[in-house]
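Student: This is model_17.txt, which holds compact mmCIF, C-alpha atoms:
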# COMPACT_ATOMS: atom_id res chain seq x y z
CA MET A 1 17.41 18.92 2.43
CA ALA A 2 15.69 15.96 0.77
CA ILE A 3 12.88 16.68 -1.68
CA LEU A 4 9.63 15.76 0.05
CA LYS A 5 7.28 13.46 -1.78
CA GLN A 6 3.54 14.13 -1.87
CA PRO A 7 1.61 11.42 -0.03
CA ASP A 8 -0.04 8.57 -1.91
CA LEU A 9 -3.82 8.45 -1.74
CA ALA A 10 -5.98 5.32 -1.76
CA ILE A 11 -9.76 5.14 -1.38
CA ASN A 12 -11.29 1.72 -0.70
CA GLY A 13 -8.06 -0.02 -1.58
CA LEU A 14 -7.55 1.68 -4.94
CA PRO A 15 -5.03 4.42 -5.70
CA VAL A 16 -6.66 7.73 -6.67
CA ALA A 17 -4.95 10.45 -8.70
CA TYR A 18 -5.17 13.96 -7.34
CA GLU A 19 -3.79 17.35 -8.28
CA GLY A 20 -2.46 19.80 -5.73
CA GLN A 21 -2.37 19.38 -1.96
CA ILE A 22 -4.62 17.16 0.12
CA LYS A 23 -5.81 18.87 3.29
CA VAL A 24 -6.15 16.58 6.25
CA LYS A 25 -7.60 17.28 9.66
CA PRO A 26 -7.03 14.03 11.57
CA GLY A 27 -9.73 14.83 14.13
CA MET A 28 -9.62 15.12 17.88
CA PRO A 29 -11.90 16.55 20.57
CA LYS A 30 -11.39 20.29 20.98
CA ARG A 31 -10.41 21.55 24.40
CA ASN A 32 -12.16 24.63 25.79
CA PHE A 33 -10.34 26.57 28.49
CA TYR A 34 -12.11 28.68 31.14
CA PRO A 35 -9.66 30.39 33.50
CA GLN A 36 -11.24 31.46 36.77
CA VAL A 37 -10.37 34.11 39.31
CA ASN A 38 -9.51 32.43 42.61
CA GLY A 39 -10.17 29.09 41.07
CA LYS A 40 -8.62 26.34 39.03
CA MET A 41 -8.97 26.62 35.25
CA ILE A 42 -11.87 24.59 33.89
CA ILE A 43 -11.09 22.51 30.79
CA THR A 44 -13.87 20.84 28.85
CA SER A 45 -13.87 18.54 25.85
CA ASP A 46 -15.90 19.36 22.74
CA VAL A 47 -16.50 16.12 20.82
CA SER A 48 -18.19 17.88 17.91
CA THR A 49 -14.71 18.27 16.38
CA ASN A 50 -13.77 14.63 16.92
CA MET A 51 -13.99 13.68 13.29
CA SER A 52 -11.59 13.68 10.38
CA ILE A 53 -11.96 16.05 7.45
CA ILE A 54 -10.09 15.15 4.28
CA THR A 55 -10.21 17.53 1.30
CA ILE A 56 -8.98 16.04 -1.96
CA PRO A 57 -8.42 18.18 -5.07
CA ILE A 58 -9.33 16.20 -8.20
CA ARG A 59 -9.38 17.34 -11.79
CA VAL A 60 -12.96 16.55 -12.80
CA THR A 61 -13.50 14.24 -15.78
CA GLU A 62 -16.44 12.06 -16.84
CA GLU A 63 -14.59 9.10 -15.40
CA SER A 64 -13.96 10.80 -12.04
CA ARG A 65 -17.60 11.87 -11.84
CA LYS A 66 -18.75 8.25 -12.28
CA TYR A 67 -16.23 7.12 -9.72
CA PHE A 68 -17.32 9.60 -7.07
CA LYS A 69 -20.99 8.81 -7.74
CA SER A 70 -20.18 5.24 -6.65
CA ILE A 71 -18.39 6.64 -3.59
CA ILE A 72 -21.50 8.64 -2.65
CA ASN A 73 -23.57 5.46 -2.96
CA ASN A 74 -21.25 3.77 -0.47
CA GLY A 75 -22.46 6.14 2.23
CA ASP A 76 -20.05 5.88 5.17
CA ASN A 77 -18.51 2.66 3.89
CA ASN A 78 -15.36 4.33 2.58
CA VAL A 79 -11.83 4.00 3.90
CA ILE A 80 -9.09 6.43 2.96
CA SER A 81 -5.33 6.26 3.35
CA VAL A 82 -3.25 9.40 2.89
CA GLY A 83 0.43 8.63 3.35
CA ASP A 84 0.71 7.11 6.82
CA LEU A 85 -2.76 8.20 8.01
CA ASN A 86 -5.80 5.92 7.83
CA PHE A 87 -9.43 6.98 8.04
CA SER A 88 -12.42 4.68 8.23
CA GLY A 89 -16.14 5.39 8.05
CA CYS A 90 -15.66 8.24 5.58
CA THR A 91 -18.61 9.90 3.88
CA LEU A 92 -18.34 12.18 0.87
CA GLU A 93 -20.00 15.40 1.99
CA ASP A 94 -21.06 16.69 -1.41
CA GLU A 95 -20.09 16.72 -5.07
CA PRO A 96 -18.30 19.96 -5.91
CA ASP A 97 -20.00 22.24 -8.42
CA VAL A 98 -17.27 22.63 -11.04
CA ALA A 99 -17.00 22.38 -14.81
CA LEU A 100 -15.34 19.45 -16.55
CA LEU A 101 -11.54 19.62 -16.44
CA ASP A 102 -11.59 22.11 -13.57
CA ILE A 103 -10.28 21.10 -10.16
CA GLY A 104 -12.97 20.20 -7.65
CA GLU A 105 -12.46 19.71 -3.93
CA TYR A 106 -13.99 16.49 -2.63
CA VAL A 107 -14.54 16.70 1.11
CA PHE A 108 -14.80 13.55 3.18
CA LYS A 109 -15.77 13.42 6.83
CA GLY A 110 -15.14 10.33 8.88
CA ASP A 111 -13.65 8.70 11.94
CA PRO A 112 -10.53 10.25 13.45
CA ALA A 113 -7.24 8.98 12.08
CA ILE A 114 -6.03 5.54 13.18
CA MET B 1 7.16 -24.57 -10.74
CA GLU B 2 4.71 -23.27 -8.17
CA ASP B 3 2.21 -20.68 -9.35
CA LYS B 4 1.58 -19.04 -5.99
CA ILE B 5 3.04 -18.76 -2.50
CA ILE B 6 2.08 -17.21 0.81
CA PHE B 7 4.58 -14.95 2.53
CA ASP B 8 4.30 -14.36 6.29
CA LEU B 9 5.20 -10.84 7.39
CA GLN B 10 7.20 -10.52 10.62
CA ASN B 11 5.77 -7.02 11.06
CA SER B 12 2.11 -6.74 10.07
CA ILE B 13 0.97 -3.71 8.09
CA LYS B 14 -2.31 -1.83 8.27
CA VAL B 15 -4.09 -2.02 4.91
CA GLN B 16 -7.48 -1.27 3.47
CA PHE B 17 -9.47 -4.47 2.99
CA LYS B 18 -12.85 -5.23 1.48
CA ASN B 19 -14.67 -7.93 3.46
CA GLY B 20 -17.83 -8.65 1.47
CA ASP B 21 -19.33 -5.17 1.07
CA LYS B 22 -17.60 -3.67 4.07
CA ASN B 23 -14.50 -1.51 3.57
CA SER B 24 -12.25 -1.51 6.61
CA PHE B 25 -8.64 -1.57 7.80
CA ILE B 26 -6.96 -4.79 8.87
CA ASP B 27 -3.50 -5.71 10.14
CA LEU B 28 -2.18 -7.79 7.25
CA ASP B 29 0.31 -10.48 8.21
CA LYS B 30 0.28 -12.58 5.03
CA ILE B 31 0.88 -11.57 1.44
CA TYR B 32 -0.36 -13.86 -1.34
CA LEU B 33 1.97 -13.90 -4.31
CA SER B 34 1.28 -15.20 -7.79
CA ALA B 35 3.82 -16.18 -10.41
CA PRO B 36 4.57 -13.48 -12.96
CA SER B 37 3.20 -13.89 -16.47
CA TYR B 38 4.40 -12.70 -19.85
CA LYS B 39 2.51 -9.43 -19.42
CA ASP B 40 4.94 -8.56 -16.60
CA LYS B 41 7.93 -9.02 -18.91
CA ASP B 42 8.88 -5.33 -18.84
CA LYS B 43 9.58 -5.78 -15.11
CA THR B 44 10.79 -9.36 -14.93
CA LEU B 45 13.34 -9.09 -17.75
CA LEU B 46 14.95 -6.16 -15.97
CA LEU B 47 15.12 -8.08 -12.68
CA LYS B 48 16.64 -11.06 -14.47
CA LYS B 49 19.25 -9.00 -16.30
CA LYS B 50 20.37 -7.16 -13.19
CA PHE B 51 20.51 -10.34 -11.13
CA ILE B 52 22.74 -12.03 -13.69
CA GLU B 53 24.93 -8.92 -13.72
CA ALA B 54 25.17 -9.21 -9.93
CA ILE B 55 26.28 -12.82 -10.19
CA PHE B 56 28.91 -11.98 -12.78
CA GLY B 57 30.07 -9.12 -10.59
CA MET B 58 30.54 -11.50 -7.69
CA THR B 59 32.09 -14.36 -9.62
CA GLN B 60 34.70 -12.13 -11.25
CA ALA B 61 36.47 -12.13 -7.91
CA LEU B 62 36.47 -15.97 -7.73
CA SER B 63 38.55 -18.56 -9.58
CA LYS B 64 36.88 -20.33 -12.53
CA GLN B 65 36.35 -23.47 -10.48
CA GLN B 66 34.82 -21.59 -7.57
CA ALA B 67 32.59 -19.65 -9.96
CA ASN B 68 31.34 -22.87 -11.62
CA GLU B 69 30.71 -24.40 -8.22
CA GLN B 70 28.64 -21.39 -7.23
CA ILE B 71 26.54 -21.63 -10.39
CA GLU B 72 26.14 -25.40 -10.47
CA ASN B 73 25.26 -25.85 -6.81
CA GLU B 74 22.80 -28.76 -6.78
CA ASN B 75 20.55 -27.07 -4.31
CA GLY B 76 20.29 -23.93 -6.46
CA LEU B 77 20.23 -20.56 -4.80
CA ASP B 78 18.10 -20.15 -1.71
CA ALA B 79 16.82 -16.88 -0.25
CA LYS B 80 19.91 -16.47 1.95
CA ALA B 81 22.31 -16.91 -0.97
CA ILE B 82 20.23 -14.55 -3.11
CA LYS B 83 20.50 -11.82 -0.49
CA ALA B 84 24.24 -12.39 -0.23
CA ILE B 85 24.61 -11.97 -4.00
CA LEU B 86 22.55 -8.77 -4.07
CA TYR B 87 24.42 -7.16 -1.22
CA ALA B 88 27.92 -8.44 -1.98
CA SER B 89 28.05 -7.78 -5.70
CA PRO B 90 30.22 -4.74 -6.34
CA ASN B 91 28.70 -1.73 -8.15
CA PHE B 92 25.24 -3.28 -8.01
CA ASP B 93 22.36 -0.77 -7.85
CA ILE B 94 20.48 -2.46 -5.04
CA VAL B 95 18.17 0.50 -4.44
CA GLY B 96 17.07 0.46 -8.09
CA TYR B 97 16.61 -3.31 -7.89
CA PHE B 98 14.35 -3.01 -4.85
CA LYS B 99 12.30 -0.32 -6.64
CA SER B 100 11.93 -2.55 -9.71
CA PHE B 101 10.73 -5.39 -7.52
CA ALA B 102 8.26 -3.09 -5.74
CA ASN B 103 6.91 -2.22 -9.19
CA LEU B 104 6.43 -5.92 -10.00
CA LEU B 105 4.65 -6.48 -6.67
CA LEU B 106 1.81 -4.19 -7.80
CA ASN B 107 0.86 -6.92 -10.30
CA VAL B 108 1.63 -10.10 -8.36
CA ALA B 109 1.02 -9.40 -4.66
CA PHE B 110 -2.43 -9.63 -3.03
CA LYS B 111 -4.02 -9.13 0.38
CA ASP B 112 -6.50 -12.00 0.06
CA GLU B 113 -6.32 -15.70 -0.71
CA GLU B 114 -8.64 -15.27 -3.71
CA MET B 115 -6.09 -12.80 -5.12
CA LYS B 116 -8.69 -10.18 -5.94
CA GLN B 117 -7.36 -7.33 -3.81
CA PRO B 118 -3.89 -6.31 -5.00
CA LEU B 119 -1.38 -4.51 -2.85
CA THR B 120 -1.06 -0.83 -3.69
CA THR B 121 1.92 1.51 -3.48
CA ILE B 122 0.72 2.75 -0.09
CA ASN B 123 0.68 -0.85 1.23
CA ILE B 124 4.10 -1.72 -0.19
CA GLU B 125 5.65 1.37 1.36
CA ARG B 126 4.48 0.22 4.78
CA ILE B 127 6.29 -3.12 4.59
CA SER B 128 9.30 -3.13 6.93
CA GLU B 129 12.74 -3.20 5.33
CA GLU B 130 13.49 -6.61 6.81
CA ASP B 131 10.24 -8.09 5.50
CA PHE B 132 10.73 -6.52 2.06
CA GLU B 133 14.20 -7.98 1.77
CA GLU B 134 12.93 -11.45 2.73
CA LEU B 135 9.98 -11.12 0.38
CA LEU B 136 12.21 -10.21 -2.55
CA ALA B 137 14.62 -13.08 -1.86
CA LYS B 138 11.80 -15.59 -1.41
CA TYR B 139 10.05 -14.48 -4.60
CA LEU B 140 13.23 -14.77 -6.63
CA GLU B 141 13.99 -18.17 -5.08
CA VAL B 142 10.57 -19.65 -5.85
CA PHE B 143 9.69 -18.12 -9.21
CA PHE B 144 12.87 -17.13 -10.97
CA ILE B 145 16.12 -18.71 -9.93
CA ALA B 146 15.66 -22.16 -11.49
CA SER B 147 15.05 -20.73 -14.95
CA TRP B 148 17.52 -17.86 -14.61
CA MET B 149 20.37 -20.12 -13.59
CA LYS B 150 19.91 -22.15 -16.78
CA THR B 151 21.00 -19.01 -18.64
CA LEU B 152 24.36 -19.21 -16.88
CA LYS B 153 25.11 -22.89 -17.55
Let me see the file written as structure tokens.

Tutor:
Amino acid sequence: MAILKQPDLAINGLPVAYEGQIKVKPGMPKRNFYPQVNGKMIITSDVSTNMSIITIPIRVTEESRKYFKSIINNGDNNVISVGDLNFSGCTLEDEPDVALLDIGEYVFKGDPAI
Amino acid sequence: MEDKIIFDLQNSIKVQFKNGDKNSFIDLDKIYLSAPSYKDKDKTLLLKKKFIEAIFGMTQALSKQQANEQIENENGLDAKAIKAILYASPNFDIVGYFKSFANLLLNVAFKDEEMKQPLTTINIERISEEDFEELLAKYLEVFFIASWMKTLK
């Protein structure tokens, strides 16, 4: 079996180094199922889940802190590519509360994958 | 020698693009290429060496006259001939050569005409095989072959 390569990550057109595994939820409406006695099953769509969630593990340095401060200032004007997946309109949820040189998880929420 | 060319992709690729202040995705169908400079020498010297090895590998099978004719062709080597040399040369590490060229592209290939937004590894990996092959051959034809072939005369 071929050795799988970890996906490349780019934010706003620039490659970003990360450590560990990126977690990606591409985003789609959730389906709710309501089976009925003597009736057809009712299926509804829950759009509250129709957004992407990308969690990126980064080893925190002074440089990375400055970089992610600029990302926060961009608001939702961030685009992220992880391997073959593309996400636009991404907003950094919060800065992780970690010490320097520890790994922090940066969570972005944005449009579903295109 | 030209200092930049525009390459048209047959298969467009989705790339991140900064339009003013807005970050978005676009379907890129043109790549803007600049000539390499001395700071790229760690990549270009390797490409040159391996290409010359490929030519020697091919010409070993020809007679001396045929080999000289190949090298002294008035029209030089065009993209088609370059591809033939790369694929036909025996024992030539074409995969390694493509990887070396992809490495050079990080410094010389751009998404915009102003050449301010370079291609990244993610972008390069999305280029179709056919387009990549054409891009490599065209780049060698325009920026390298004339000076490289002087080495062989």

Student: Could you give me, as JSON lines, a per-residue list for chain B showing, wherever an atom lies at most 8 Å from an atom of chain A, the closest pair of atoms and their distance in Å to one decimal, using all atoms listed in the file and sorting by chain then residue number from low to high?

Tutor:
{"residue": "B:Val15", "atom": "CA", "partner": "A:Gly13", "partner_atom": "CA", "distance": 7.9}
{"residue": "B:Gln16", "atom": "CA", "partner": "A:Gly13", "partner_atom": "CA", "distance": 5.2}
{"residue": "B:Phe17", "atom": "CA", "partner": "A:Gly13", "partner_atom": "CA", "distance": 6.5}
{"residue": "B:Lys18", "atom": "CA", "partner": "A:Asn12", "partner_atom": "CA", "distance": 7.4}
{"residue": "B:Lys22", "atom": "CA", "partner": "A:Asn77", "partner_atom": "CA", "distance": 6.4}
{"residue": "B:Asn23", "atom": "CA", "partner": "A:Asn77", "partner_atom": "CA", "distance": 5.8}
{"residue": "B:Ser24", "atom": "CA", "partner": "A:Val79", "partner_atom": "CA", "distance": 6.2}
{"residue": "B:Phe25", "atom": "CA", "partner": "A:Ser88", "partner_atom": "CA", "distance": 7.3}
{"residue": "B:Gln117", "atom": "CA", "partner": "A:Gly13", "partner_atom": "CA", "distance": 7.7}
{"residue": "B:Thr120", "atom": "CA", "partner": "A:Pro15", "partner_atom": "CA", "distance": 6.9}
{"residue": "B:Thr121", "atom": "CA", "partner": "A:Asp8", "partner_atom": "CA", "distance": 7.5}
{"residue": "B:Ile122", "atom": "CA", "partner": "A:Asp8", "partner_atom": "CA", "distance": 6.1}

Student: What separation in Å, quoted to one decimal, exists between atom CA of Thr59 of chain B and atom CA of Leu46 of chain B?

Tutor: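 So the two atoms, atom CA of Thr59 of chain B and atom CA of Leu46 of chain B, lie 20.0 Å apart.
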
Student: How many Å separate atom CA of Ile145 of chain B from atom CA of Ala81 of chain B?

Tutor: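 Value for the atom CA of Ile145 of chain B-atom CA of Ala81 of chain B distance: 11.0 Å.
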
Student: If we count only C-alpha atoms, what is near Phe51 of chain B at a cut-off of 8 Å, once residues fewer than 4 positions away on the same chain are taken out, given as a list in words?

Tutor: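 Here the answer would be Leu47, Ile55 and Leu86 of chain B.
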
Student: Neighbours of Ile127 of chain B within 9 Å (only C-alpha atoms; same-chain residues fewer than 6 positions away dropped), as a ChimeraX atom specification?

Tutor: /B:9,11-13

Student: If we draw a sphere of 12 Å around (25.7, -7.8, -2.2), which residues have at least one atom in it when counting all atoms listed in the file? Please report them as number ranges by chain.

Tutor: B: 51, 53-59, 80-95, 97

Student: Considering all atoms listed in the file, can you say which of A:Ile42, A:Leu4, A:Ala99, A:Val16 comes closest to Glu62 of chain A?

Tutor: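 When distances to Glu62 of chain A are compared using all atoms listed in the file, the smallest one comes from A:Ala99.
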
Student: Between B:Val108, B:Ala102, B:Glu133, B:Trp148, which has the minimum distance to Lys50 of chain B (counting only C-alpha atoms)?

Tutor: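 Ranked by minimum distance to Lys50 of chain B, first place goes to B:Trp148.
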
Student: Out of B:Ala79, B:Ile52, B:Ile5, B:Ala137, which residue has the shortest atom-to-atom distance to Ser34 of chain B when counting all atoms listed in the file?

Tutor: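 Of the candidates, the smallest distance to Ser34 of chain B is held by B:Ile5.
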
Student: Report the distance between atom CA of Thr61 of chain A and atom CA of Lys39 of chain B in Å, rounded to one decimal place.

Tutor: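 If I compute the distance from atom CA of Thr61 of chain A to atom CA of Lys39 of chain B, I get 28.8 Å.
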
Student: I need the residue nearest Ser48 of chain A from this list: A:Phe108, A:Leu85, A:Gly27, A:Ile22. Use all atoms listed in the file for the distance.

Tutor: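 Nearest candidate to Ser48 of chain A out of A:Phe108, A:Leu85, A:Gly27, A:Ile22: A:Gly27.
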
Student: Determine the axis-aligned bounding box of all atoms of segment 55-64 of chain A present in the file, pad each side by 5 Å, and express its centre and edge lengths in Å to one decimal place as JSON.

Tutor:
{"center_x": -12.4, "center_y": 13.6, "center_z": -7.8, "size_x": 18.0, "size_y": 19.1, "size_z": 28.1}

Student: So that I can check the surroundings of Gly104 of chain A, please list as a short mmCIF file (atom, residue, chain, number, x, y, z; two decimals) with C-alpha atoms, keeping the file's coordinate frame every protein, DNA and RNA residue that reaches within 7 Å of it, counting only C-alpha atoms and ignoring chain neighbours fewer than 4 positions away.

Tutor:
data_model
loop_
_atom_site.label_atom_id
_atom_site.label_comp_id
_atom_site.auth_asym_id
_atom_site.auth_seq_id
_atom_site.Cartn_x
_atom_site.Cartn_y
_atom_site.Cartn_z
CA PRO A 57 -8.42 18.18 -5.07
CA ILE A 58 -9.33 16.20 -8.20
CA ARG A 59 -9.38 17.34 -11.79
CA VAL A 60 -12.96 16.55 -12.80
CA PRO A 96 -18.30 19.96 -5.91
CA VAL A 98 -17.27 22.63 -11.04
#

Student: Of the residues B:Glu141, B:Glu134, B:Asp29, B:Asp40, which is the one nearest to Phe110 of chain B, using only C-alpha atoms?

Tutor: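 Comparing B:Glu141, B:Glu134, B:Asp29, B:Asp40 against Phe110 of chain B, the winner is B:Asp29.
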
Student: Any idea what's packed within 7 Å of Lys30 of chain A, counting all atoms listed in the file, ignoring anything in its chain fewer than 6 positions away? Could you give it as an mmCIF file with C-alpha atoms, in the frame of the given file?

Tutor:
data_model
loop_
_atom_site.group_PDB
_atom_site.id
_atom_site.type_symbol
_atom_site.label_atom_id
_atom_site.label_comp_id
_atom_site.auth_asym_id
_atom_site.auth_seq_id
_atom_site.Cartn_x
_atom_site.Cartn_y
_atom_site.Cartn_z
ATOM 1 C CA SER A 45 -13.870 18.540 25.850
ATOM 2 C CA ASP A 46 -15.900 19.360 22.740
ATOM 3 C CA VAL A 47 -16.500 16.120 20.820
ATOM 4 C CA THR A 49 -14.710 18.270 16.380
#
